[in-house]
Structure formats: structure tokens, C-alpha cells
>>> print(open('target.csv').read())   # CSV, C-alpha atoms
chain,number,residue,atom,x,y,z
A,1085,MET,CA,0.0,0.0,0.0
A,1086,PRO,CA,1.6,3.3,-1.0
A,1087,TRP,CA,1.8,6.1,1.5
A,1088,ARG,CA,3.3,9.5,1.9
A,1089,PHE,CA,3.8,12.0,4.7
A,1090,ALA,CA,5.7,15.2,5.5
A,1091,ILE,CA,7.0,16.7,8.7
A,1092,ARG,CA,8.3,20.1,9.5
A,1093,LEU,CA,11.2,20.4,11.9
A,1094,SER,CA,13.9,22.8,13.0
A,1095,SER,CA,17.6,22.3,12.5
A,1096,ALA,CA,18.1,21.6,16.3
A,1097,PRO,CA,20.2,18.4,16.6
A,1098,GLU,CA,17.6,16.6,18.7
A,1099,GLU,CA,15.0,17.1,16.0
A,1100,LEU,CA,17.4,15.9,13.3
A,1101,ARG,CA,17.9,12.7,15.3
A,1102,ILE,CA,14.2,12.2,15.7
A,1103,ALA,CA,13.7,12.8,11.9
A,1104,ARG,CA,16.3,10.2,10.8
A,1105,ARG,CA,14.8,7.7,13.2
A,1106,LEU,CA,11.4,8.3,11.9
A,1107,VAL,CA,12.6,7.6,8.3
A,1108,ALA,CA,14.2,4.3,9.7
A,1109,ALA,CA,10.9,3.4,11.3
A,1110,ALA,CA,9.0,4.2,8.1
A,1111,ALA,CA,11.4,2.0,6.0
A,1112,SER,CA,10.9,-0.8,8.5
A,1113,GLU,CA,7.1,-0.4,8.3
A,1114,ALA,CA,7.5,-0.7,4.5
A,1115,GLY,CA,9.3,-4.0,4.9
A,1116,ALA,CA,12.9,-3.0,4.3
A,1117,ASP,CA,15.8,-5.2,5.5
A,1118,GLU,CA,18.0,-4.1,8.4
A,1119,ASP,CA,20.9,-3.2,6.1
A,1120,VAL,CA,18.7,-1.1,3.8
A,1121,ILE,CA,17.2,0.6,6.9
A,1122,SER,CA,20.6,1.5,8.2
A,1123,ASP,CA,21.7,2.9,4.8
A,1124,LEU,CA,18.6,5.0,4.7
A,1125,GLU,CA,19.1,6.3,8.3
A,1126,VAL,CA,22.7,7.2,7.7
A,1127,ALA,CA,22.0,8.9,4.3
A,1128,VAL,CA,19.0,10.9,5.7
A,1129,GLY,CA,21.0,11.8,8.9
A,1130,GLU,CA,23.9,13.1,6.8
A,1131,ALA,CA,21.5,15.1,4.6
A,1132,LEU,CA,19.9,16.6,7.6
A,1133,ALA,CA,23.3,17.4,9.2
A,1134,ASN,CA,24.4,19.0,5.9
A,1135,ALA,CA,21.4,21.2,5.7
A,1136,SER,CA,21.9,22.3,9.3
A,1137,VAL,CA,25.5,23.2,8.7
A,1138,HIS,CA,25.5,24.6,5.2
A,1139,ALA,CA,22.1,26.2,5.0
A,1140,TYR,CA,21.9,27.4,8.6
A,1141,GLY,CA,25.5,27.6,9.8
A,1142,GLY,CA,24.7,25.1,12.5
A,1143,ARG,CA,22.0,27.2,14.1
A,1144,ARG,CA,19.1,25.5,15.8
A,1145,ARG,CA,16.2,27.4,14.4
A,1146,GLY,CA,16.5,26.8,10.7
A,1147,ARG,CA,13.3,25.5,9.1
A,1148,LEU,CA,13.4,22.2,7.4
A,1149,GLU,CA,10.7,20.0,5.8
A,1150,LEU,CA,11.1,16.3,5.1
A,1151,GLU,CA,8.8,14.4,2.8
A,1152,VAL,CA,8.7,10.6,2.8
A,1153,GLY,CA,6.8,8.5,0.3
A,1154,PHE,CA,6.6,4.8,-0.5
A,1155,ASP,CA,5.2,3.6,-3.9
A,1156,GLY,CA,5.3,-0.1,-3.1
A,1157,THR,CA,8.9,-0.6,-4.1
A,1158,HIS,CA,10.9,2.6,-3.5
A,1159,LEU,CA,11.2,5.0,-0.7
A,1160,GLU,CA,11.5,8.6,-1.9
A,1161,ILE,CA,12.7,11.3,0.5
A,1162,VAL,CA,12.9,15.0,-0.1
A,1163,LEU,CA,14.5,17.4,2.3
A,1164,HIS,CA,13.8,21.1,1.8
A,1165,ASP,CA,15.7,23.9,3.6
A,1166,ARG,CA,15.2,27.6,3.2
A,1167,GLY,CA,18.7,28.6,4.1
A,1168,LYS,CA,21.7,29.8,2.2
A,1169,PRO,CA,21.9,27.7,-1.0
A,1170,VAL,CA,24.8,25.4,-1.6
A,1171,ALA,CA,26.9,26.6,-4.6
A,1172,ALA,CA,24.6,26.5,-7.6
A,1173,ALA,CA,26.9,24.2,-9.5
A,1174,LYS,CA,27.2,21.7,-6.7
A,1175,THR,CA,26.4,18.1,-7.7
A,1176,VAL,CA,26.7,14.8,-5.9
A,1177,PRO,CA,30.3,13.6,-6.2
A,1178,THR,CA,30.7,10.2,-7.9
A,1179,GLU,CA,34.2,9.8,-6.6
A,1180,LEU,CA,35.4,10.1,-3.0
A,1181,PRO,CA,36.4,13.8,-2.5
A,1182,PRO,CA,39.1,14.9,0.0
A,1183,PRO,CA,38.0,15.8,3.5
A,1184,GLY,CA,36.0,19.0,3.7
A,1185,MET,CA,35.0,18.8,0.0
A,1186,GLY,CA,31.7,17.0,0.1
A,1187,ARG,CA,32.4,13.6,1.5
A,1188,GLY,CA,29.0,13.6,3.3
A,1189,LEU,CA,27.2,14.1,0.0
A,1190,TYR,CA,29.4,11.4,-1.6
A,1191,LEU,CA,28.4,9.0,1.2
A,1192,ILE,CA,24.7,9.8,0.7
A,1193,GLY,CA,25.1,9.1,-3.1
A,1194,GLN,CA,26.7,5.7,-2.3
A,1195,LEU,CA,24.0,4.7,0.2
A,1196,MET,CA,21.0,5.7,-1.9
A,1197,ASP,CA,20.1,4.6,-5.4
A,1198,GLU,CA,19.5,8.2,-6.6
A,1199,VAL,CA,20.3,11.6,-5.2
A,1200,ARG,CA,19.6,15.0,-6.8
A,1201,LEU,CA,20.2,18.5,-5.5
A,1202,VAL,CA,17.5,21.0,-6.6
A,1203,HIS,CA,17.7,24.7,-6.2
A,1204,PRO,CA,14.2,26.0,-6.7
A,1205,ASP,CA,15.2,29.6,-6.8
A,1206,LEU,CA,18.8,30.4,-7.4
A,1207,ARG,CA,18.3,34.0,-6.7
A,1208,GLY,CA,16.6,33.2,-3.4
A,1209,ARG,CA,17.2,30.7,-0.8
A,1210,GLY,CA,16.8,27.1,-0.2
A,1211,THR,CA,17.9,23.7,-1.5
A,1212,ALA,CA,16.0,20.5,-1.9
A,1213,VAL,CA,17.8,17.1,-1.7
A,1214,HIS,CA,15.9,14.3,-3.4
A,1215,MET,CA,16.8,10.8,-2.4
A,1216,ARG,CA,15.4,7.5,-3.6
A,1217,LYS,CA,16.1,3.9,-2.7
A,1218,ARG,CA,14.6,0.5,-3.6
A,1219,LEU,CA,13.3,-1.2,-0.5
A,1220,ARG,CA,12.4,-4.6,-1.9
B,16,MET,CA,17.0,7.4,25.4
B,17,HIS,CA,18.2,10.8,26.5
B,18,GLY,CA,20.9,12.6,24.5
B,19,ASP,CA,23.5,12.3,27.2
B,20,THR,CA,23.4,8.5,27.1
B,21,LEU,CA,23.4,7.9,23.4
B,22,LEU,CA,27.0,6.9,23.4
B,23,GLY,CA,28.6,4.4,25.7
B,24,LEU,CA,32.4,4.1,26.1
B,25,GLU,CA,33.9,1.3,28.1
B,26,THR,CA,37.7,1.4,28.4
B,27,THR,CA,39.9,-1.4,29.5
B,28,TYR,CA,43.6,-2.4,29.2
B,29,VAL,CA,45.0,-5.6,27.9
B,30,GLY,CA,48.6,-5.3,28.9
B,31,SER,CA,49.5,-1.8,27.6
B,32,VAL,CA,46.8,-1.8,24.9
B,33,LEU,CA,43.9,0.5,25.4
B,34,ILE,CA,40.6,-1.1,24.3
B,35,ILE,CA,37.6,1.1,23.9
B,36,ARG,CA,34.3,-0.6,23.4
B,37,VAL,CA,32.0,2.0,21.7
B,38,ARG,CA,28.2,1.5,22.0
B,39,GLY,CA,25.3,3.4,20.5
B,40,GLU,CA,25.4,6.3,18.2
B,41,LEU,CA,28.6,7.9,17.1
B,42,ASP,CA,27.6,11.1,15.4
B,43,ARG,CA,28.4,14.8,15.3
B,44,LEU,CA,27.0,15.3,18.8
B,45,THR,CA,28.4,12.3,20.6
B,46,ALA,CA,31.8,12.0,18.8
B,47,PRO,CA,33.5,14.7,20.9
B,48,GLU,CA,33.1,12.4,23.9
B,49,LEU,CA,35.2,9.7,22.1
B,50,ALA,CA,37.7,12.4,21.1
B,51,ARG,CA,38.1,13.4,24.7
B,52,THR,CA,38.7,9.9,25.8
B,53,LEU,CA,41.3,9.4,23.2
B,54,GLU,CA,43.0,12.7,24.1
B,55,LYS,CA,43.2,11.7,27.8
B,56,THR,CA,45.8,9.1,27.1
B,57,ALA,CA,49.3,10.4,28.1
B,58,ALA,CA,52.0,10.7,25.4
B,59,PRO,CA,53.2,8.6,23.8
B,60,GLY,CA,50.0,6.9,24.5
B,61,PRO,CA,48.9,3.3,24.1
B,62,ASP,CA,48.1,1.3,21.0
B,63,VAL,CA,44.3,1.6,20.7
B,64,ILE,CA,41.7,-0.9,19.6
B,65,LEU,CA,38.2,0.4,19.1
B,66,VAL,CA,35.6,-2.3,19.4
B,67,LEU,CA,32.7,-1.2,17.2
B,68,THR,CA,30.3,-4.2,17.4
B,69,ASP,CA,27.5,-2.3,19.1
B,70,ILE,CA,27.5,0.9,17.1
B,71,THR,CA,24.0,1.6,15.9
B,72,TYR,CA,24.7,4.8,13.9
B,73,LEU,CA,27.7,6.4,12.4
B,74,ASP,CA,28.0,9.6,10.5
B,75,MET,CA,30.8,11.9,9.1
B,76,GLY,CA,31.2,13.4,12.6
B,77,GLY,CA,32.1,10.0,13.9
B,78,ILE,CA,34.3,9.2,10.9
B,79,LYS,CA,36.3,12.4,11.5
B,80,VAL,CA,37.0,11.6,15.1
B,81,LEU,CA,38.3,8.1,14.0
B,82,GLU,CA,40.5,9.8,11.4
B,83,ALA,CA,41.8,12.3,14.0
B,84,GLY,CA,42.5,9.4,16.5
B,85,ALA,CA,44.4,7.4,13.8
B,86,HIS,CA,46.4,10.5,12.8
B,87,ALA,CA,47.4,11.3,16.4
B,88,ALA,CA,48.3,7.7,17.1
B,89,ARG,CA,50.5,7.5,14.0
B,90,GLU,CA,52.3,10.7,14.9
B,91,ARG,CA,53.2,9.1,18.2
B,92,GLY,CA,54.3,5.8,16.6
B,93,ARG,CA,51.3,4.0,18.0
B,94,VAL,CA,48.8,1.7,16.3
B,95,PHE,CA,45.1,2.5,16.0
B,96,VAL,CA,42.8,-0.2,14.7
B,97,VAL,CA,39.1,-1.2,14.8
B,98,ALA,CA,37.9,-4.6,15.8
B,99,GLU,CA,34.5,-6.4,15.3
B,100,PRO,CA,32.9,-3.6,13.2
B,101,ALA,CA,29.1,-3.9,12.8
B,102,PRO,CA,28.3,-4.5,9.1
B,103,MET,CA,27.0,-1.0,8.8
B,104,VAL,CA,30.3,0.4,10.3
B,105,ARG,CA,32.4,-1.7,7.9
B,106,ARG,CA,30.3,-0.5,4.9
B,107,ILE,CA,30.7,3.2,5.8
B,108,MET,CA,34.4,2.7,6.5
B,109,GLU,CA,34.8,1.3,3.0
B,110,ILE,CA,32.8,3.9,1.3
B,111,VAL,CA,34.8,6.8,2.8
B,112,ALA,CA,38.0,4.8,2.5
B,113,LEU,CA,38.6,5.0,6.3
B,114,ASP,CA,39.6,1.3,6.1
B,115,ARG,CA,42.8,2.5,4.3
B,116,VAL,CA,43.7,4.6,7.3
B,117,VAL,CA,42.3,2.5,10.1
B,118,PRO,CA,42.6,-1.3,9.7
B,119,ALA,CA,39.5,-3.2,10.7
B,120,PHE,CA,39.7,-6.7,12.1
B,121,THR,CA,36.9,-9.2,12.4
B,122,THR,CA,37.8,-10.3,15.9
B,123,LEU,CA,39.5,-8.6,18.9
B,124,ASP,CA,42.1,-11.4,18.9
B,125,ASP,CA,43.0,-10.7,15.3
B,126,ALA,CA,43.4,-7.0,16.2
B,127,LEU,CA,45.6,-7.8,19.3
B,128,LYS,CA,47.8,-10.1,17.2
B,129,HIS,CA,48.3,-7.3,14.7
B,130,LEU,CA,49.8,-5.0,17.3
B,131,PRO,CA,53.6,-4.8,17.6
B,132,PRO,CA,55.2,-6.1,20.8
B,133,ARG,CA,55.9,-3.2,23.3
B,134,PRO,CA,58.3,-3.2,26.3
B,135,SER,CA,56.3,-4.9,29.0
B,136,ASP,CA,56.3,-2.0,31.5
B,137,PRO,CA,52.6,-1.1,31.6
B,138,ASP,CA,53.2,2.1,33.5
B,139,ASP,CA,54.4,3.7,30.2
B,140,ALA,CA,50.9,3.8,29.0
B,141,ARG,CA,48.5,3.3,31.8
B,142,PRO,CA,47.2,6.2,33.7
B,143,PRO,CA,47.2,6.0,37.5
B,144,GLY,CA,44.6,3.4,38.6
B,145,GLY,CA,45.0,1.5,35.4
B,146,LYS,CA,41.7,2.6,34.0
B,147,LEU,CA,40.5,5.7,32.2
B,148,GLU,CA,37.4,7.3,33.7
>>> encode(input="target.csv", output="C-alpha cells")
Amino acid sequence: MPWRFAIRLSSAPEELRIARRLVAAAASEAGADEDVISDLEVAVGEALANASVHAYGGRRRGRLELEVGFDGTHLEIVLHDRGKPVAAAKTVPTELPPPGMGRGLYLIGQLMDEVRLVHPDLRGRGTAVHMRKRLR
Amino acid sequence: MHGDTLLGLETTYVGSVLIIRVRGELDRLTAPELARTLEKTAAPGPDVILVLTDITYLDMGGIKVLEAGAHAARERGRVFVVAEPAPMVRRIMEIVALDRVVPAFTTLDDALKHLPPRPSDPDDARPPGGKLE
């Protein structure tokens, strides 16, 4: 049975932790294996941490929205922030970058089947990270 | 579980080798605790084995502390290895190539065998009381 939900949260570390656990619980509900669940939790946790650091400079009060949807085979996750956009040209690295140059993003790319960065308004603020992974 | 108890660190010595059993979540918030435990060892410090069987979450924050620990150990001519990594830990170590900097052993015995022999005076490495708090 397909389902979809969205949550709003702040960039406070406690809320980021709750959000990644929620995604793990959702994947478990959808019948994912333990190793897939842990890939998802680490990828989403890293995306949340990236948003907190890059969009909001590590501040606690940045607004984030997390959408989670299951279509019967894939889990699709979209994380929106409204902070400082990451460099417009930034893409998900396909080879391991040196420390400080996007290793977290590279890790997300390796753990998920698909990752895309979307900048809805390059003049304005905000980045969306789309992530997708087959559960079964 | 409350934020303060997300990470468990249990330190013991086998001879002059410091063994740290890490439990729970090693992330940006909790990793500084492990960093402090590693920094507490007096120079030149012991060889270190991190037992990562019971790690339930690991992110780049945790990875960076492991890298820093390995770097500090190497500077002092000491060995820094991982034993019994949970499958998720091994997977992440491989993805970010941490396994090239920090060797990972399937068992604690294998890790102990990998360490070079040291002069058998344990006072070199052991803090007073023989145990880190």
C-alpha cells in the first residue's frame, strides 16, 4: 500500500535525530531489510546534518521540511531547507572527494540509489535534496 | 533514550593496549566524547583498539574523530585499529576509504595479534589506577 507523509522540523540536533529515526521506522514499516534501513538512516541523517551546517550555519532554528513517500517498491525522500543555497553548480560527487569537500554528499550518493540536489530559486534561498532507494 | 546516554564508552587495558568498546550512536553530537577519551591518554599513549560491534549509527562526525585518532596515534608511533565492526560500520568505513587509514579486524584477537610487541612496562601507557574514567 503506497503512503506519503511530510514533517516540519527545525535544525536543532535533537530534531534531526528524531527525523532520521522516523525515516528508519517508516522504512521498517515498508518491509525493508536491516541493512537497507541503516543505509537510509545514515543517508538521511547526513543530509539533515548537511542542511543544518550549510544552509543554517549550525544554528538550531532553521526551518526544514522532510517528505517521505513509499510507492510499493521505492522509498522517496525529499529534504527542503530555506537557508543559504549550496553553490549552484554543486552536484553529488561520484568519486570520493578529499576531507571537507563533500564527503558527506558522496556518502549519501553511495548509500542511496539516486540523489539529486535541486535549487528551486537560485536568486533566493533554499535547496532540496531528493533521495530514492529501492526497499524490496 | 536521552541525548546524554546515546554513546557508551567502556575502556579497559589488555597489557598496555587500550581497548575502547563503543556502544550506541557515534555522530556529530556524541563523537567529541570519544575524542576526549582518546586525548586523555598520556603521550606517547597506548596502542588503541576500538571495538565497534555495538555501534547503531555512524555519520561523518564520527568518521572524523576516528580519522583524527588514527592520525594522532601515527604521529606518536602507535597503532590505532578497529575490531569487530558492525556490518554498517564496515560498509561506511569502506565507502569513505577509512579502512585505508584504520585497519579493521573481524575479531578482537586478530586485532591484538596485529599490534607490535611493546616493552612490557605497563606504567608507560597506563594512567594511575590503570583505568580511564
>>> atom_distance(input="target.csv", atom1="atom CA of Arg93 of chain B", atom2="atom CA of Thr68 of chain B")
22.6 Å
>>> closest_atom_pairs(input="target.csv", of="chain B", to="chain A", cutoff="9 Å", atoms="all atoms listed in the file", output="Markdown table")
| residue | atom | partner | partner_atom | distance |
| --- | --- | --- | --- | --- |
| B:Gly18 | CA | A:Glu1098 | CA | 7.8 |
| B:Arg43 | CA | A:Ala1133 | CA | 8.4 |
| B:Leu44 | CA | A:Pro1097 | CA | 7.8 |
| B:Thr71 | CA | A:Ser1122 | CA | 8.4 |
| B:Tyr72 | CA | A:Val1126 | CA | 6.9 |
| B:Leu73 | CA | A:Val1126 | CA | 6.9 |
| B:Asp74 | CA | A:Val1126 | CA | 6.5 |
| B:Met75 | CA | A:Gly1188 | CA | 6.3 |
| B:Lys79 | CA | A:Pro1183 | CA | 8.9 |
| B:Pro102 | CA | A:Asp1119 | CA | 8.1 |
| B:Met103 | CA | A:Ser1122 | CA | 6.9 |
| B:Ile107 | CA | A:Leu1191 | CA | 7.8 |
| B:Ile110 | CA | A:Leu1191 | CA | 6.7 |
| B:Val111 | CA | A:Leu1180 | CA | 6.7 |
| B:Ala112 | CA | A:Leu1180 | CA | 8.1 |
>>> closest_residue(input="target.csv", among="B:Thr52, B:Thr122, B:Thr20, B:Thr26", to="Leu81 of chain B", atoms="all atoms listed in the file")
B:Thr52
>>> residues_near_point(input="target.csv", point="(22.6, -1.9, 18.0)", cutoff="8 Å", atoms="all atoms listed in the file", output="number ranges by chain")
B: 38-39, 69-71
>>> residues_around(input="target.csv", residues="Leu1219 of chain A", least_positions_apart="3", cutoff="6 Å", atoms="all atoms listed in the file", output="VMD selection string")
chain A and resid 1116 1157 to 1158
>>> residues_around(input="target.csv", residues="His129 of chain B", least_positions_apart="3", cutoff="12 Å", atoms="all atoms listed in the file", output="list in words")
Val32, Asp62, Val63, Ile64, Val94, Phe95, Val96, Val97, Ala98, Pro118, Ala119, Phe120, Thr121, Thr122, Leu123, Asp124, Asp125, Ala126 and Pro132 of chain B
>>> closest_residue(input="target.csv", among="B:Val29, B:Ala101, B:Ala85, B:Ile78", to="Thr45 of chain B", atoms="only C-alpha atoms")
B:Ile78
>>> atom_distance(input="target.csv", atom1="atom CA of Lys1174 of chain A", atom2="atom CA of Leu1201 of chain A")
7.8 Å
>>> atom_distance(input="target.csv", atom1="atom CA of Ser1136 of chain A", atom2="atom CA of Arg1088 of chain A")
23.8 Å
>>> residues_around(input="target.csv", residues="Leu67 of chain B", least_positions_apart="3", cutoff="6 Å", atoms="all atoms listed in the file", output="short mmCIF file (atom, residue, chain, number, x, y, z; two decimals) with C-alpha atoms, in the frame of the given file")
data_model
loop_
_atom_site.label_atom_id
_atom_site.label_comp_id
_atom_site.auth_asym_id
_atom_site.auth_seq_id
_atom_site.Cartn_x
_atom_site.Cartn_y
_atom_site.Cartn_z
CA VAL B 37 32.00 2.00 21.70
CA ILE B 70 27.50 0.90 17.10
CA GLU B 99 34.50 -6.40 15.30
CA PRO B 100 32.90 -3.60 13.20
#
>>> axis_aligned_box(input="target.csv", around="segment 1089-1098 of chain A", padding_each_side="4 Å", output="AutoDock Vina command-line options")
--center_x 12.0 --center_y 17.4 --center_z 11.7 --size_x 24.4 --size_y 18.8 --size_z 22.0
>>> closest_residue(input="target.csv", among="A:Arg1166, A:Arg1092, A:Arg1105, A:Lys1217", to="His1203 of chain A", atoms="all atoms listed in the file")
A:Arg1166
>>> closest_residue(input="target.csv", among="A:Gly1186, A:Arg1200, A:Met1215, A:Ser1094", to="Leu1124 of chain A", atoms="all atoms listed in the file")
A:Met1215
>>> build_atoms(input="target.csv", residues="segment 1157-1180 of chain A", atoms="N, CA and C atoms", output="mmCIF file, in the frame of the given file")
data_model
loop_
_atom_site.group_PDB
_atom_site.id
_atom_site.type_symbol
_atom_site.label_atom_id
_atom_site.label_comp_id
_atom_site.auth_asym_id
_atom_site.auth_seq_id
_atom_site.Cartn_x
_atom_site.Cartn_y
_atom_site.Cartn_z
ATOM 1 N N THR A 1157 7.586 -0.070 -3.916
ATOM 2 C CA THR A 1157 8.900 -0.600 -4.100
ATOM 3 C C THR A 1157 10.028 0.301 -3.601
ATOM 4 N N HIS A 1158 9.878 1.605 -3.872
ATOM 5 C CA HIS A 1158 10.900 2.600 -3.500
ATOM 6 C C HIS A 1158 10.480 3.524 -2.436
ATOM 7 N N LEU A 1159 11.459 3.914 -1.634
ATOM 8 C CA LEU A 1159 11.200 5.000 -0.700
ATOM 9 C C LEU A 1159 11.815 6.256 -1.308
ATOM 10 N N GLU A 1160 11.020 7.306 -1.307
ATOM 11 C CA GLU A 1160 11.500 8.600 -1.900
ATOM 12 C C GLU A 1160 11.447 9.603 -0.742
ATOM 13 N N ILE A 1161 12.548 10.307 -0.601
ATOM 14 C CA ILE A 1161 12.700 11.300 0.500
ATOM 15 C C ILE A 1161 13.113 12.596 -0.103
ATOM 16 N N VAL A 1162 12.453 13.664 0.295
ATOM 17 C CA VAL A 1162 12.900 15.000 -0.100
ATOM 18 C C VAL A 1162 13.055 15.865 1.097
ATOM 19 N N LEU A 1163 14.223 16.458 1.181
ATOM 20 C CA LEU A 1163 14.500 17.400 2.300
ATOM 21 C C LEU A 1163 14.651 18.782 1.752
ATOM 22 N N HIS A 1164 13.801 19.674 2.261
ATOM 23 C CA HIS A 1164 13.800 21.100 1.800
ATOM 24 C C HIS A 1164 14.422 21.931 2.951
ATOM 25 N N ASP A 1165 15.284 22.857 2.591
ATOM 26 C CA ASP A 1165 15.700 23.900 3.600
ATOM 27 C C ASP A 1165 15.388 25.246 2.918
ATOM 28 N N ARG A 1166 15.416 26.274 3.738
ATOM 29 C CA ARG A 1166 15.200 27.600 3.200
ATOM 30 C C ARG A 1166 16.389 28.503 3.523
ATOM 31 N N GLY A 1167 17.506 27.878 3.665
ATOM 32 C CA GLY A 1167 18.700 28.600 4.100
ATOM 33 C C GLY A 1167 19.539 29.024 2.868
ATOM 34 N N LYS A 1168 20.769 29.369 3.189
ATOM 35 C CA LYS A 1168 21.700 29.800 2.200
ATOM 36 C C LYS A 1168 21.888 28.594 1.200
ATOM 37 N N PRO A 1169 21.735 28.848 -0.103
ATOM 38 C CA PRO A 1169 21.900 27.700 -1.000
ATOM 39 C C PRO A 1169 23.304 27.222 -1.107
ATOM 40 N N VAL A 1170 23.464 25.927 -1.272
ATOM 41 C CA VAL A 1170 24.800 25.400 -1.600
ATOM 42 C C VAL A 1170 25.167 25.950 -2.951
ATOM 43 N N ALA A 1171 26.450 26.016 -3.273
ATOM 44 C CA ALA A 1171 26.900 26.600 -4.600
ATOM 45 C C ALA A 1171 26.035 26.002 -5.679
ATOM 46 N N ALA A 1172 25.586 26.868 -6.574
ATOM 47 C CA ALA A 1172 24.600 26.500 -7.600
ATOM 48 C C ALA A 1172 25.100 25.278 -8.427
ATOM 49 N N ALA A 1173 26.396 25.203 -8.644
ATOM 50 C CA ALA A 1173 26.900 24.200 -9.500
ATOM 51 C C ALA A 1173 27.138 22.837 -8.768
ATOM 52 N N LYS A 1174 26.888 22.868 -7.475
ATOM 53 C CA LYS A 1174 27.200 21.700 -6.700
ATOM 54 C C LYS A 1174 26.419 20.461 -7.073
ATOM 55 N N THR A 1175 27.099 19.388 -7.328
ATOM 56 C CA THR A 1175 26.400 18.100 -7.700
ATOM 57 C C THR A 1175 26.931 17.061 -6.697
ATOM 58 N N VAL A 1176 26.283 15.922 -6.748
ATOM 59 C CA VAL A 1176 26.700 14.800 -5.900
ATOM 60 C C VAL A 1176 27.956 14.195 -6.440
ATOM 61 N N PRO A 1177 29.055 14.175 -5.682
ATOM 62 C CA PRO A 1177 30.300 13.600 -6.200
ATOM 63 C C PRO A 1177 30.127 12.110 -6.496
ATOM 64 N N THR A 1178 30.756 11.647 -7.577
ATOM 65 C CA THR A 1178 30.700 10.200 -7.900
ATOM 66 C C THR A 1178 32.003 9.526 -7.512
ATOM 67 N N GLU A 1179 33.016 10.334 -7.151
ATOM 68 C CA GLU A 1179 34.200 9.800 -6.600
ATOM 69 C C GLU A 1179 34.530 10.403 -5.268
ATOM 70 N N LEU A 1180 35.169 9.644 -4.391
ATOM 71 C CA LEU A 1180 35.400 10.100 -3.000
ATOM 72 C C LEU A 1180 36.226 11.429 -3.042
#
